[in-house]
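For reference, run-v7.tsv is printed below; it contains TSV, C-alpha atoms and all ligand atoms.
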```tsv
chain	number	residue	atom	x	y	z
A	116	ASP	CA	-99.90	-30.42	-28.46
A	117	SER	CA	-99.82	-26.91	-27.06
A	118	LEU	CA	-100.53	-23.38	-28.20
A	119	PHE	CA	-97.03	-22.65	-27.06
A	120	SER	CA	-95.11	-25.44	-28.78
A	121	GLY	CA	-93.74	-22.94	-31.30
A	122	VAL	CA	-92.22	-20.59	-28.71
A	123	PRO	CA	-88.50	-20.46	-29.42
A	124	THR	CA	-86.06	-20.16	-26.54
A	125	ALA	CA	-84.62	-16.64	-26.33
A	126	PRO	CA	-80.86	-16.25	-25.99
A	127	VAL	CA	-79.63	-15.93	-22.40
A	128	ASP	CA	-78.72	-12.36	-21.45
A	129	PRO	CA	-74.93	-12.06	-21.75
A	130	ILE	CA	-74.59	-10.45	-18.32
A	131	LEU	CA	-77.28	-12.14	-16.25
A	132	GLY	CA	-76.44	-15.53	-17.81
A	133	VAL	CA	-72.88	-15.38	-16.49
A	134	SER	CA	-74.12	-14.34	-13.08
A	135	MET	CA	-76.48	-17.33	-13.04
A	136	ALA	CA	-73.64	-19.72	-13.87
A	137	TYR	CA	-71.64	-18.22	-10.97
A	138	LYS	CA	-74.46	-18.88	-8.54
A	139	GLN	CA	-74.63	-22.52	-9.62
A	140	ASP	CA	-70.88	-23.10	-9.27
A	141	THR	CA	-70.07	-24.87	-5.99
A	142	SER	CA	-66.30	-24.20	-6.00
A	143	PRO	CA	-65.16	-22.38	-2.84
A	144	GLN	CA	-62.69	-20.42	-4.97
A	145	LYS	CA	-65.28	-18.94	-7.31
A	146	VAL	CA	-65.11	-15.21	-8.07
A	147	ASP	CA	-67.90	-13.08	-9.55
A	148	ILE	CA	-66.63	-10.18	-11.62
A	149	SER	CA	-69.56	-10.14	-14.02
A	150	VAL	CA	-72.47	-8.03	-12.77
A	151	GLY	CA	-72.00	-4.30	-12.20
A	152	ALA	CA	-73.03	-4.18	-8.58
A	153	TYR	CA	-70.85	-2.73	-5.82
A	154	ARG	CA	-69.24	-5.03	-3.26
A	155	ASP	CA	-67.26	-3.86	-0.22
A	156	GLY	CA	-63.70	-4.89	0.64
A	157	ASP	CA	-65.02	-8.21	1.99
A	158	GLY	CA	-66.95	-8.96	-1.18
A	159	LYS	CA	-70.30	-8.17	0.47
A	160	PRO	CA	-73.21	-6.18	-1.04
A	161	TYR	CA	-73.38	-2.76	0.57
A	162	VAL	CA	-76.35	-0.72	1.78
A	163	LEU	CA	-75.31	2.93	1.83
A	164	LYS	CA	-75.45	4.53	5.29
A	165	CYS	CA	-77.45	7.48	3.92
A	166	VAL	CA	-79.99	5.04	2.51
A	167	PHE	CA	-80.14	3.14	5.78
A	168	GLU	CA	-80.80	6.38	7.65
A	169	ALA	CA	-83.48	7.46	5.14
A	170	GLU	CA	-85.05	4.02	5.45
A	171	LYS	CA	-85.33	4.44	9.22
A	172	ARG	CA	-87.13	7.75	8.71
A	173	LEU	CA	-89.52	6.15	6.21
A	174	LEU	CA	-90.52	3.23	8.38
A	175	GLY	CA	-94.30	2.96	8.25
A	176	ALA	CA	-94.68	5.43	5.35
A	177	PRO	CA	-97.97	4.93	3.48
A	178	LYS	CA	-98.07	2.47	0.60
A	179	GLU	CA	-100.58	4.44	-1.46
A	180	TYR	CA	-100.23	4.64	-5.24
A	181	LEU	CA	-97.96	7.34	-6.56
A	182	PRO	CA	-99.08	9.65	-9.38
A	183	ILE	CA	-98.51	8.13	-12.84
A	184	ASP	CA	-95.41	10.28	-13.35
A	185	GLY	CA	-94.07	9.65	-9.84
A	186	ILE	CA	-93.19	11.90	-6.90
A	187	PRO	CA	-92.99	15.53	-8.10
A	188	GLU	CA	-90.25	16.44	-5.62
A	189	PHE	CA	-88.19	13.37	-6.56
A	190	ASN	CA	-88.47	14.35	-10.23
A	191	LYS	CA	-87.29	17.89	-9.51
A	192	LEU	CA	-84.39	16.75	-7.37
A	193	SER	CA	-83.33	14.17	-9.98
A	194	ALA	CA	-83.18	16.71	-12.80
A	195	LYS	CA	-81.34	19.15	-10.53
A	196	LEU	CA	-78.80	16.50	-9.56
A	197	LEU	CA	-77.97	15.82	-13.19
A	198	TYR	CA	-78.08	19.30	-14.68
A	199	GLY	CA	-76.94	21.27	-11.60
A	200	ASP	CA	-75.99	24.88	-12.31
A	201	ALA	CA	-76.72	24.41	-16.00
A	202	MET	CA	-80.46	24.37	-15.14
A	203	ASN	CA	-80.52	28.07	-14.46
A	204	GLY	CA	-84.21	28.59	-15.31
A	205	LYS	CA	-84.32	25.89	-17.99
A	206	GLU	CA	-86.45	23.65	-15.77
A	207	LYS	CA	-89.52	25.27	-17.35
A	208	ARG	CA	-88.56	23.63	-20.63
A	209	MET	CA	-88.02	20.20	-19.04
A	210	VAL	CA	-90.34	17.37	-18.27
A	211	THR	CA	-89.27	14.63	-15.84
A	212	VAL	CA	-91.07	11.41	-15.02
A	213	GLN	CA	-90.09	8.83	-12.42
A	214	THR	CA	-89.25	5.52	-14.08
A	215	LEU	CA	-88.45	1.89	-13.37
A	216	SER	CA	-84.78	2.73	-13.00
A	217	GLY	CA	-82.45	3.51	-15.90
A	218	THR	CA	-83.81	0.74	-18.09
A	219	GLY	CA	-87.37	2.01	-17.69
A	220	ALA	CA	-86.26	5.58	-18.48
A	221	LEU	CA	-84.54	4.41	-21.66
A	222	ARG	CA	-87.57	2.37	-22.65
A	223	ILE	CA	-90.11	5.17	-22.12
A	224	GLY	CA	-87.79	7.58	-23.91
A	225	VAL	CA	-87.30	5.28	-26.91
A	226	ILE	CA	-91.04	4.73	-27.20
A	227	PHE	CA	-91.49	8.52	-27.17
A	228	ILE	CA	-88.93	8.74	-29.98
A	229	ARG	CA	-90.82	6.19	-32.03
A	230	LYS	CA	-94.12	7.98	-31.56
A	231	TYR	CA	-93.15	11.63	-31.85
A	232	LEU	CA	-89.88	12.02	-33.75
A	233	PRO	CA	-89.96	11.71	-37.57
A	234	ALA	CA	-90.60	8.14	-38.77
A	235	GLY	CA	-87.39	6.21	-39.28
A	236	THR	CA	-85.38	8.27	-36.79
A	237	THR	CA	-82.45	6.02	-35.95
A	238	VAL	CA	-80.96	5.58	-32.51
A	239	TYR	CA	-77.16	5.31	-32.63
A	240	ILE	CA	-75.50	3.18	-29.96
A	241	SER	CA	-71.76	3.05	-29.21
A	242	ARG	CA	-69.78	-0.01	-30.33
A	243	PRO	CA	-69.61	-1.69	-27.91
A	244	SER	CA	-72.28	-0.67	-25.41
A	245	TRP	CA	-74.43	-2.04	-22.63
A	246	ALA	CA	-76.18	-4.80	-24.57
A	247	ASN	CA	-79.63	-3.81	-23.34
A	248	HIS	CA	-79.55	-0.63	-25.46
A	249	HIS	CA	-80.00	-2.84	-28.52
A	250	ASN	CA	-82.78	-4.90	-26.91
A	251	ILE	CA	-84.67	-1.79	-25.87
A	252	CYS	CA	-84.64	-0.33	-29.39
A	253	LYS	CA	-85.53	-3.63	-31.00
A	254	GLU	CA	-88.39	-4.41	-28.64
A	255	SER	CA	-89.69	-0.83	-28.98
A	256	GLY	CA	-89.67	-1.07	-32.77
A	257	VAL	CA	-87.11	1.72	-33.24
A	258	PRO	CA	-84.32	1.38	-35.83
A	259	SER	CA	-80.86	1.37	-34.27
A	260	ALA	CA	-77.32	1.50	-35.58
A	261	GLU	CA	-73.85	1.63	-34.06
A	262	TYR	CA	-71.26	4.36	-33.95
A	263	THR	CA	-67.52	3.80	-33.58
A	264	TYR	CA	-66.33	4.22	-30.02
A	265	TYR	CA	-63.68	1.87	-28.71
A	266	ASP	CA	-60.28	1.26	-30.26
A	267	PRO	CA	-59.11	-2.28	-29.43
A	268	GLN	CA	-55.54	-1.33	-30.40
A	269	THR	CA	-55.13	1.49	-27.90
A	270	LYS	CA	-57.84	0.20	-25.53
A	271	GLY	CA	-59.02	3.81	-25.54
A	272	LEU	CA	-61.40	6.02	-27.48
A	273	ASN	CA	-61.43	6.00	-31.30
A	274	PHE	CA	-62.29	9.68	-31.31
A	275	GLN	CA	-61.83	10.26	-35.03
A	276	GLY	CA	-63.97	7.23	-35.86
A	277	MET	CA	-66.67	8.47	-33.51
A	278	MET	CA	-66.63	11.96	-35.05
A	279	ASN	CA	-66.83	10.50	-38.57
A	280	ASP	CA	-69.85	8.44	-37.64
A	281	ILE	CA	-71.56	11.44	-36.05
A	282	LYS	CA	-70.85	13.38	-39.25
A	283	ASN	CA	-72.14	10.62	-41.53
A	284	ALA	CA	-75.35	9.84	-39.63
A	285	PRO	CA	-78.50	11.38	-41.17
A	286	SER	CA	-79.29	14.78	-39.58
A	287	GLY	CA	-81.66	14.52	-36.64
A	288	SER	CA	-80.45	11.09	-35.48
A	289	VAL	CA	-80.52	10.19	-31.80
A	290	PHE	CA	-77.16	9.40	-30.17
A	291	VAL	CA	-77.15	7.41	-26.94
A	292	LEU	CA	-74.17	8.80	-25.03
A	293	HIS	CA	-72.95	7.44	-21.71
A	294	LEU	CA	-72.79	10.37	-19.29
A	295	CYS	CA	-69.57	8.98	-17.76
A	296	ALA	CA	-67.95	5.65	-16.86
A	297	HIS	CA	-68.83	4.09	-20.22
A	298	ASN	CA	-70.14	0.54	-19.87
A	299	PRO	CA	-68.46	-1.82	-20.78
A	300	THR	CA	-65.19	-0.10	-21.76
A	301	GLY	CA	-64.51	2.37	-18.93
A	302	VAL	CA	-63.38	4.77	-21.67
A	303	ASP	CA	-64.80	8.32	-21.62
A	304	PRO	CA	-64.15	11.30	-23.92
A	305	THR	CA	-62.12	14.12	-22.33
A	306	PRO	CA	-63.94	17.44	-21.69
A	307	GLU	CA	-62.26	18.86	-24.81
A	308	GLN	CA	-63.46	15.90	-26.87
A	309	TRP	CA	-66.98	16.32	-25.45
A	310	ASN	CA	-66.88	19.96	-26.60
A	311	GLN	CA	-66.06	18.86	-30.13
A	312	ILE	CA	-68.72	16.14	-30.04
A	313	ALA	CA	-71.33	18.68	-28.91
A	314	GLN	CA	-70.33	21.13	-31.62
A	315	LEU	CA	-70.57	18.55	-34.40
A	316	MET	CA	-73.84	17.15	-33.04
A	317	LYS	CA	-75.21	20.71	-33.05
A	318	GLU	CA	-74.21	21.23	-36.67
A	319	LYS	CA	-75.87	17.93	-37.59
A	320	ARG	CA	-78.96	18.69	-35.49
A	321	HIS	CA	-78.58	15.34	-33.75
A	322	ILE	CA	-80.37	14.60	-30.50
A	323	PRO	CA	-78.37	13.53	-27.44
A	324	PHE	CA	-79.87	10.79	-25.28
A	325	MET	CA	-77.71	10.75	-22.17
A	326	ASP	CA	-77.59	7.44	-20.34
A	327	CYS	CA	-76.68	8.38	-16.78
A	328	ALA	CA	-76.10	5.21	-14.80
A	329	TYR	CA	-72.91	6.18	-12.96
A	330	GLN	CA	-73.05	9.84	-11.92
A	331	GLY	CA	-70.72	10.25	-8.95
A	332	TYR	CA	-69.34	6.81	-9.45
A	333	ALA	CA	-66.65	7.61	-12.01
A	334	SER	CA	-64.65	10.38	-10.37
A	335	GLY	CA	-66.46	10.43	-7.01
A	336	ASP	CA	-67.52	13.99	-7.93
A	337	LEU	CA	-71.17	14.44	-8.97
A	338	ASP	CA	-70.54	17.67	-10.88
A	339	ARG	CA	-67.49	16.48	-12.73
A	340	ASP	CA	-69.25	13.30	-13.80
A	341	ALA	CA	-72.17	15.34	-15.16
A	342	TYR	CA	-69.98	17.48	-17.45
A	343	SER	CA	-71.31	16.07	-20.71
A	344	ALA	CA	-75.04	16.44	-19.89
A	345	ARG	CA	-74.54	20.01	-18.67
A	346	LEU	CA	-72.52	20.86	-21.76
A	347	PHE	CA	-75.31	19.62	-24.03
A	348	LEU	CA	-77.93	21.51	-22.03
A	349	ASN	CA	-75.88	24.72	-22.12
A	350	SER	CA	-75.36	24.25	-25.85
A	351	GLY	CA	-79.10	24.53	-26.41
A	352	PHE	CA	-79.99	20.98	-27.47
A	353	GLU	CA	-83.39	19.39	-27.27
A	354	MET	CA	-82.39	16.20	-25.52
A	355	PHE	CA	-83.24	13.17	-23.43
A	356	SER	CA	-81.64	11.83	-20.27
A	357	ALA	CA	-82.19	8.52	-18.51
A	358	GLN	CA	-81.03	8.48	-14.89
A	359	SER	CA	-80.47	5.38	-12.84
A	360	PHE	CA	-79.99	5.39	-9.06
A	361	SER	CA	-79.03	1.72	-9.04
A	362	LYS	CA	-75.28	2.19	-8.70
A	363	ASN	CA	-74.76	5.60	-7.11
A	364	PHE	CA	-77.39	4.97	-4.38
A	365	GLY	CA	-77.00	1.18	-4.36
A	366	LEU	CA	-80.74	0.83	-5.01
A	367	TYR	CA	-80.52	-1.85	-7.71
A	368	GLY	CA	-83.65	-3.88	-6.95
A	369	GLU	CA	-85.69	-0.85	-5.87
A	370	ARG	CA	-85.89	0.22	-9.55
A	371	THR	CA	-85.37	3.92	-9.06
A	372	GLY	CA	-84.76	6.32	-11.94
A	373	ALA	CA	-85.99	9.24	-14.00
A	374	LEU	CA	-86.46	10.29	-17.60
A	375	THR	CA	-86.07	13.96	-18.49
A	376	ILE	CA	-86.82	15.48	-21.88
A	377	VAL	CA	-85.71	19.02	-22.68
A	378	THR	CA	-87.49	21.05	-25.35
A	379	HIS	CA	-86.88	24.52	-26.79
A	380	ASN	CA	-90.24	25.87	-25.78
A	381	GLU	CA	-92.10	25.39	-22.52
A	382	LYS	CA	-95.47	25.51	-24.27
A	383	TYR	CA	-94.94	21.92	-25.48
A	384	ILE	CA	-94.39	20.51	-21.99
A	385	PRO	CA	-98.03	19.82	-20.99
A	386	ALA	CA	-98.71	17.78	-24.15
A	387	MET	CA	-95.42	15.89	-23.80
A	388	LEU	CA	-96.16	15.07	-20.16
A	389	SER	CA	-99.67	13.91	-21.05
A	390	GLN	CA	-98.25	11.43	-23.60
A	391	LEU	CA	-95.57	10.14	-21.25
A	392	LYS	CA	-98.26	9.55	-18.63
A	393	MET	CA	-100.44	7.76	-21.16
A	394	ASP	CA	-97.63	5.34	-22.03
A	395	ILE	CA	-96.78	4.72	-18.37
A	396	ARG	CA	-100.42	4.21	-17.44
A	397	ALA	CA	-100.85	1.57	-20.13
A	398	MET	CA	-97.58	-0.17	-19.27
A	399	TYR	CA	-97.41	-0.37	-15.48
A	400	SER	CA	-99.79	2.34	-14.23
A	401	SER	CA	-97.48	4.01	-11.74
A	402	PRO	CA	-93.90	3.62	-10.43
A	403	PRO	CA	-92.79	2.04	-7.13
A	404	THR	CA	-92.65	4.23	-4.03
A	405	HIS	CA	-89.78	3.13	-1.86
A	406	GLY	CA	-86.62	3.89	-3.84
A	407	ALA	CA	-87.81	7.31	-4.97
A	408	ARG	CA	-88.70	8.24	-1.40
A	409	LEU	CA	-85.24	7.18	-0.27
A	410	VAL	CA	-83.53	9.33	-2.92
A	411	GLN	CA	-85.86	12.23	-2.17
A	412	THR	CA	-85.15	11.95	1.56
A	413	VAL	CA	-81.38	11.97	1.03
A	414	LEU	CA	-81.32	14.75	-1.56
A	415	SER	CA	-83.60	17.06	0.41
A	416	ASP	CA	-81.54	16.81	3.62
A	417	PRO	CA	-78.12	18.53	3.43
A	418	GLN	CA	-76.65	16.25	6.10
A	419	LEU	CA	-77.75	13.06	4.37
A	420	THR	CA	-76.59	14.47	1.05
A	421	LYS	CA	-73.15	15.08	2.54
A	422	LEU	CA	-73.07	11.55	3.88
A	423	TRP	CA	-74.00	10.28	0.40
A	424	VAL	CA	-71.28	12.32	-1.31
A	425	ASP	CA	-68.74	10.94	1.18
A	426	GLU	CA	-69.90	7.39	0.50
A	427	LEU	CA	-69.63	7.93	-3.26
A	428	LYS	CA	-66.02	8.90	-2.67
A	429	VAL	CA	-65.44	5.75	-0.65
A	430	MET	CA	-67.00	3.48	-3.30
A	431	SER	CA	-65.30	5.09	-6.29
A	432	GLY	CA	-62.06	5.29	-4.29
A	433	ARG	CA	-62.10	1.58	-3.52
A	434	ILE	CA	-62.60	0.80	-7.20
A	435	LYS	CA	-59.66	3.02	-8.16
A	436	ASP	CA	-57.58	1.27	-5.55
A	437	VAL	CA	-58.58	-2.13	-6.98
A	438	ARG	CA	-57.58	-0.98	-10.48
A	439	LYS	CA	-54.09	-0.19	-9.30
A	440	LYS	CA	-53.74	-3.42	-7.35
A	441	LEU	CA	-54.95	-5.53	-10.26
A	442	MET	CA	-52.61	-3.84	-12.71
A	443	ASP	CA	-49.64	-4.14	-10.34
A	444	ALA	CA	-50.37	-7.83	-9.72
A	445	ILE	CA	-50.54	-8.55	-13.46
A	446	VAL	CA	-47.38	-6.57	-14.25
A	447	GLN	CA	-45.59	-8.28	-11.36
A	448	ARG	CA	-46.33	-11.64	-12.99
A	449	LYS	CA	-44.78	-10.37	-16.22
A	450	VAL	CA	-47.90	-11.13	-18.22
A	451	PRO	CA	-47.28	-10.24	-21.90
A	452	GLY	CA	-48.94	-7.06	-23.20
A	453	THR	CA	-49.57	-3.63	-21.73
A	454	TRP	CA	-51.94	-3.25	-18.79
A	455	ASN	CA	-51.98	0.46	-18.02
A	456	HIS	CA	-55.48	0.66	-19.52
A	457	ILE	CA	-56.77	-0.93	-16.32
A	458	VAL	CA	-55.93	2.26	-14.40
A	459	ASP	CA	-56.63	4.63	-17.30
A	460	GLN	CA	-60.20	3.42	-17.69
A	461	ILE	CA	-62.83	4.75	-15.29
A	462	GLY	CA	-65.97	3.60	-13.48
A	463	MET	CA	-67.07	0.17	-12.45
A	464	PHE	CA	-65.51	-1.82	-15.27
A	465	THR	CA	-62.29	-2.55	-17.02
A	466	TYR	CA	-62.29	-3.82	-20.56
A	467	THR	CA	-59.30	-6.08	-20.14
A	468	GLY	CA	-58.67	-7.02	-23.76
A	469	LEU	CA	-58.80	-10.73	-22.83
A	470	ASN	CA	-60.19	-12.71	-25.77
A	471	PRO	CA	-63.04	-15.24	-25.50
A	472	GLN	CA	-60.63	-18.21	-25.31
A	473	GLN	CA	-58.75	-16.59	-22.44
A	474	VAL	CA	-62.03	-15.75	-20.71
A	475	GLU	CA	-63.07	-19.37	-21.07
A	476	ILE	CA	-59.92	-20.51	-19.26
A	477	LEU	CA	-60.73	-18.14	-16.39
A	478	VAL	CA	-64.27	-19.45	-16.16
A	479	LYS	CA	-63.71	-23.19	-16.71
A	480	LYS	CA	-60.39	-23.71	-15.01
A	481	TYR	CA	-60.47	-21.03	-12.31
A	482	HIS	CA	-64.19	-20.46	-11.63
A	483	ILE	CA	-63.73	-16.73	-12.27
A	484	TYR	CA	-66.87	-15.37	-13.91
A	485	LEU	CA	-66.60	-12.41	-16.29
A	486	LEU	CA	-68.20	-11.44	-19.59
A	487	ALA	CA	-67.03	-13.12	-22.81
A	488	SER	CA	-66.07	-9.63	-24.04
A	489	GLY	CA	-63.37	-9.51	-21.35
A	490	ARG	CA	-65.27	-6.97	-19.25
A	491	VAL	CA	-64.39	-7.19	-15.58
A	492	SER	CA	-66.57	-5.63	-12.88
A	493	LEU	CA	-63.88	-4.35	-10.52
A	494	ALA	CA	-66.28	-4.19	-7.58
A	495	GLY	CA	-66.05	-7.99	-7.31
A	496	LEU	CA	-62.31	-7.82	-6.59
A	497	ASN	CA	-60.74	-7.39	-3.16
A	498	ASP	CA	-57.56	-8.27	-1.24
A	499	ASN	CA	-58.75	-11.85	-0.83
A	500	ASN	CA	-59.03	-12.63	-4.54
A	501	ILE	CA	-56.91	-10.18	-6.58
A	502	ASN	CA	-53.80	-12.37	-6.54
A	503	TYR	CA	-55.81	-15.44	-7.48
A	504	VAL	CA	-57.36	-13.58	-10.42
A	505	ALA	CA	-53.95	-12.22	-11.50
A	506	ASP	CA	-52.50	-15.76	-11.38
A	507	ALA	CA	-55.37	-16.97	-13.55
A	508	ILE	CA	-54.93	-14.13	-16.06
A	509	ALA	CA	-51.18	-14.90	-16.22
A	510	ASP	CA	-52.00	-18.54	-17.01
A	511	ALA	CA	-54.70	-17.65	-19.58
A	512	VAL	CA	-52.55	-15.14	-21.44
A	513	ALA	CA	-49.32	-17.18	-21.39
A	601	LIG	N1	-77.30	2.07	-18.66
A	601	LIG	C1	-76.12	1.51	-18.42
A	601	LIG	C2	-74.97	1.89	-19.27
A	601	LIG	C3	-75.98	0.57	-17.40
A	601	LIG	O1	-74.79	0.04	-17.17
A	601	LIG	C4	-77.10	0.23	-16.62
A	601	LIG	C5	-76.98	-0.79	-15.58
A	601	LIG	O2	-76.14	-1.63	-15.58
A	601	LIG	C6	-78.31	0.88	-16.89
A	601	LIG	C7	-78.37	1.78	-17.92
A	601	LIG	C8	-79.62	0.70	-16.17
A	601	LIG	O3	-79.68	-0.07	-15.09
A	601	LIG	P1	-80.96	-0.04	-14.13
A	601	LIG	O4	-82.14	-0.29	-14.98
A	601	LIG	O5	-80.67	-1.10	-13.16
A	601	LIG	O6	-80.98	1.31	-13.52
```
Show me this structure written as structure tokens.
Amino acid sequence: DSLFSGVPTAPVDPILGVSMAYKQDTSPQKVDISVGAYRDGDGKPYVLKCVFEAEKRLLGAPKEYLPIDGIPEFNKLSAKLLYGDAMNGKEKRMVTVQTLSGTGALRIGVIFIRKYLPAGTTVYISRPSWANHHNICKESGVPSAEYTYYDPQTKGLNFQGMMNDIKNAPSGSVFVLHLCAHNPTGVDPTPEQWNQIAQLMKEKRHIPFMDCAYQGYASGDLDRDAYSARLFLNSGFEMFSAQSFSKNFGLYGERTGALTIVTHNEKYIPAMLSQLKMDIRAMYSSPPTHGARLVQTVLSDPQLTKLWVDELKVMSGRIKDVRKKLMDAIVQRKVPGTWNHIVDQIGMFTYTGLNPQQVEILVKKYHIYLLASGRVSLAGLNDNNINYVADAIADAVA
């Protein structure tokens, strides 16, 4: 009876689906620890003061179209923020385009891989990873595979397994690596492990694709969090990086990000840029203005930058504080198992190790919304709900 009667219903996104269920729940006790968005100590969304100040300065700014590849100054500042001192003249061999946040950067980058890297080049994604990595490859028609990452036994990194998979992947494969604050596990390689990863990837001529969604958010230190990307750049890789300003600037819905591709020879840059612009033009013509202007305003004013850096410390500090409080509350209740991984992990999430049955108890009985994988977004916790959540975990695990 309709052209569209054969359209099958797509599966609900594992993250956004949980968040939707939370919104529909009418219980006054409900707790949202699903989506990775920062909340302050009162559970409220937070507009950064540096962003608020930049917004005041931008009031009435023109709404003209941006160039296809975005604001040139924003692109420069974004690449500089990520690569810092490692840039050191290498900017000539880099091309950056403004994107629809981190997702858009990944998508444009993966399309570029499909079109211009050898046919069949496979994109390797950590197991587990942010689920959208798989969607992006699939919808872009790029083969993907997984590499070992998390060890459920230790709730830490399976470094040997990761190294084996890097070794066994066909030479010239793309590896999506989380810059820092790995989502969903909160488990990052140490600097020494990164060095070994870089060395092996070099031998195998693999291509790093850094997914940078949490710079400054893991340790509170922008340079420290960028260690891996700078290491790869200094090691002479041709590489990709997708930057998101959703979390570190709190710009979620403004869709603010950047894709940078590094090549060995600057003579290839004009052709690469022309192709990136062609893809963007055909997809959405040009990126949105507001978020990029905000980031540009903050990063080009030393005082606003300082304010931003201080706010990053406050946000990452609160999350660290919540980790400790959650672990203490669970240990205090003598919940079976070890829980030190909650404080050992880093970034916005903790991969609790709760199984799907235990998660279901939290959701159904306690109205506490988290991912079926046991991932908890720590930003949703505060002094008003930590004890309630710890009580619920004690009940679910008992
Ligand atoms: N990559 C990772 C690992 C993420 O966690 C996220 C956001 O949750 C993103 C990329 C991109 O997010 P956005 O498109 O909102 O910048």
Open item on the list: Report, in Å with one decimal, the straight-line distance from CA of Val212 in chain A to CA of Asn190 in chain A.
Closed with: 6.2 Å
Open item on the list: Using all atoms listed in the file, which residues have at least one atom no more than 6 Å from ligand LIG 601 (chain A)? Output them as a PyMOL selection string.
Closed with: chain A and resi 151+216-218+245+298+326+328+359+361+367
Keeping only C-alpha atoms, write those residues as a CSV table (one decimal), in the frame of the given file.
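After the write, again.csv holds the following:
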```csv
chain,number,residue,atom,x,y,z
A,151,GLY,CA,-72.0,-4.3,-12.2
A,216,SER,CA,-84.8,2.7,-13.0
A,217,GLY,CA,-82.4,3.5,-15.9
A,218,THR,CA,-83.8,0.7,-18.1
A,245,TRP,CA,-74.4,-2.0,-22.6
A,298,ASN,CA,-70.1,0.5,-19.9
A,326,ASP,CA,-77.6,7.4,-20.3
A,328,ALA,CA,-76.1,5.2,-14.8
A,359,SER,CA,-80.5,5.4,-12.8
A,361,SER,CA,-79.0,1.7,-9.0
A,367,TYR,CA,-80.5,-1.8,-7.7
```
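Computed from the coordinates, the CA of Ala511 in chain A to CA of Gln473 in chain A distance equals 5.1 Å.
Of the residues listed (A:Gly462, A:Gly301, A:Gln314, A:Leu441), A:Leu441 shows the shortest atom-to-atom separation from Val504 in chain A; distances use only C-alpha atoms.
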- [ ] Pick out the closest residue to Lys479 in chain A from this set: A:Ile226, A:Met354, A:Ala220, A:Val146. Count all atoms listed in the file.
- [x] A:Val146
Task: Point-to-point distance from CA of Asn380 in chain A to CA of Arg208 in chain A, Å rounded to tenths - done: 5.9 Å
Task: For Tyr466 in chain A: contacts at 12 Å, all atoms listed in the file, fewer than 6 positions along chain excluded, given as a PyMOL selection string - done: chain A and resi 148-149+243-244+265-267+269-271+296-302+438+454-460+474+485-493
Task: Proximity to Tyr161 in chain A - best of A:Asp498, A:Glu426, A:Glu318, A:Asp506, only C-alpha atoms - done: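 Once distances to Tyr161 in chain A are computed over only C-alpha atoms, the minimum belongs to A:Glu426.
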Env of Val450 in chain A: 10 Å cut, atoms = only C-alpha atoms, seq-sep filter 3 positions within chain, self excluded. Answer as an mmCIF file with C-alpha atoms, in the frame of the given file.
```cif
data_model
loop_
_atom_site.group_PDB
_atom_site.id
_atom_site.type_symbol
_atom_site.label_atom_id
_atom_site.label_comp_id
_atom_site.auth_asym_id
_atom_site.auth_seq_id
_atom_site.Cartn_x
_atom_site.Cartn_y
_atom_site.Cartn_z
ATOM 1 C CA ALA A 444 -50.370 -7.830 -9.720
ATOM 2 C CA ILE A 445 -50.540 -8.550 -13.460
ATOM 3 C CA VAL A 446 -47.380 -6.570 -14.250
ATOM 4 C CA GLN A 447 -45.590 -8.280 -11.360
ATOM 5 C CA THR A 453 -49.570 -3.630 -21.730
ATOM 6 C CA TRP A 454 -51.940 -3.250 -18.790
ATOM 7 C CA ALA A 505 -53.950 -12.220 -11.500
ATOM 8 C CA ASP A 506 -52.500 -15.760 -11.380
ATOM 9 C CA ILE A 508 -54.930 -14.130 -16.060
ATOM 10 C CA ALA A 509 -51.180 -14.900 -16.220
ATOM 11 C CA ASP A 510 -52.000 -18.540 -17.010
ATOM 12 C CA ALA A 511 -54.700 -17.650 -19.580
ATOM 13 C CA VAL A 512 -52.550 -15.140 -21.440
ATOM 14 C CA ALA A 513 -49.320 -17.180 -21.390
#
```
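Between Asp425 in chain A and the residues A:Lys253, A:Arg408, A:Lys164, A:His293, the shortest atom-to-atom distance, using only C-alpha atoms, involves A:Lys164.
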Open item on the list: So that I can check the surroundings of Ile322 in chain A, please list as JSON, numbers by chain every protein, DNA and RNA residue that reaches within 8 Å of it, counting all atoms listed in the file and ignoring chain neighbours fewer than 4 positions away.
Closed with: {"A": [287, 288, 289, 290, 316, 352, 353, 354, 355]}
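The residue that comes closest to Arg396 in chain A, out of A:Ala373, A:Ile130, A:Gly185, A:Val291 and on the basis of only C-alpha atoms, is A:Gly185.
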Open item on the list: Counting all atoms listed in the file, which residues have an atom no more than 8 Å from (-73.4, 5.2, -35.4) in the file's coordinates? Please list them as a PyMOL selection string.
Closed with: chain A and resi 239-241+260-263+277+280-281+284+290
Open item on the list: Restricting the calculation to only C-alpha atoms: of A:His248, A:Lys449, A:Lys439, A:His405, which residue gets closest to Ala357 in chain A?
Closed with: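 Among the listed residues, A:His248 lies closest to Ala357 in chain A.
Around Asn250 in chain A, within 12 Å and counting only C-alpha atoms, the residues found are Ala125, Pro126, Asp128, Pro129, Thr218, Leu221, Arg222, Val225, Ile240, Ser244, Trp245, Ala246, Glu254, Ser255, Gly256, Val257, Pro258 and Ser259 of chain A, once anything fewer than 4 positions away on its own chain is removed.
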Open item on the list: Quick one: residues within 7 Å of Leu477 in chain A, all atoms listed in the file, excluding same-chain residues fewer than 5 positions away - as a VMD selection string?
Closed with: chain A and resid 482 to 483 507 511
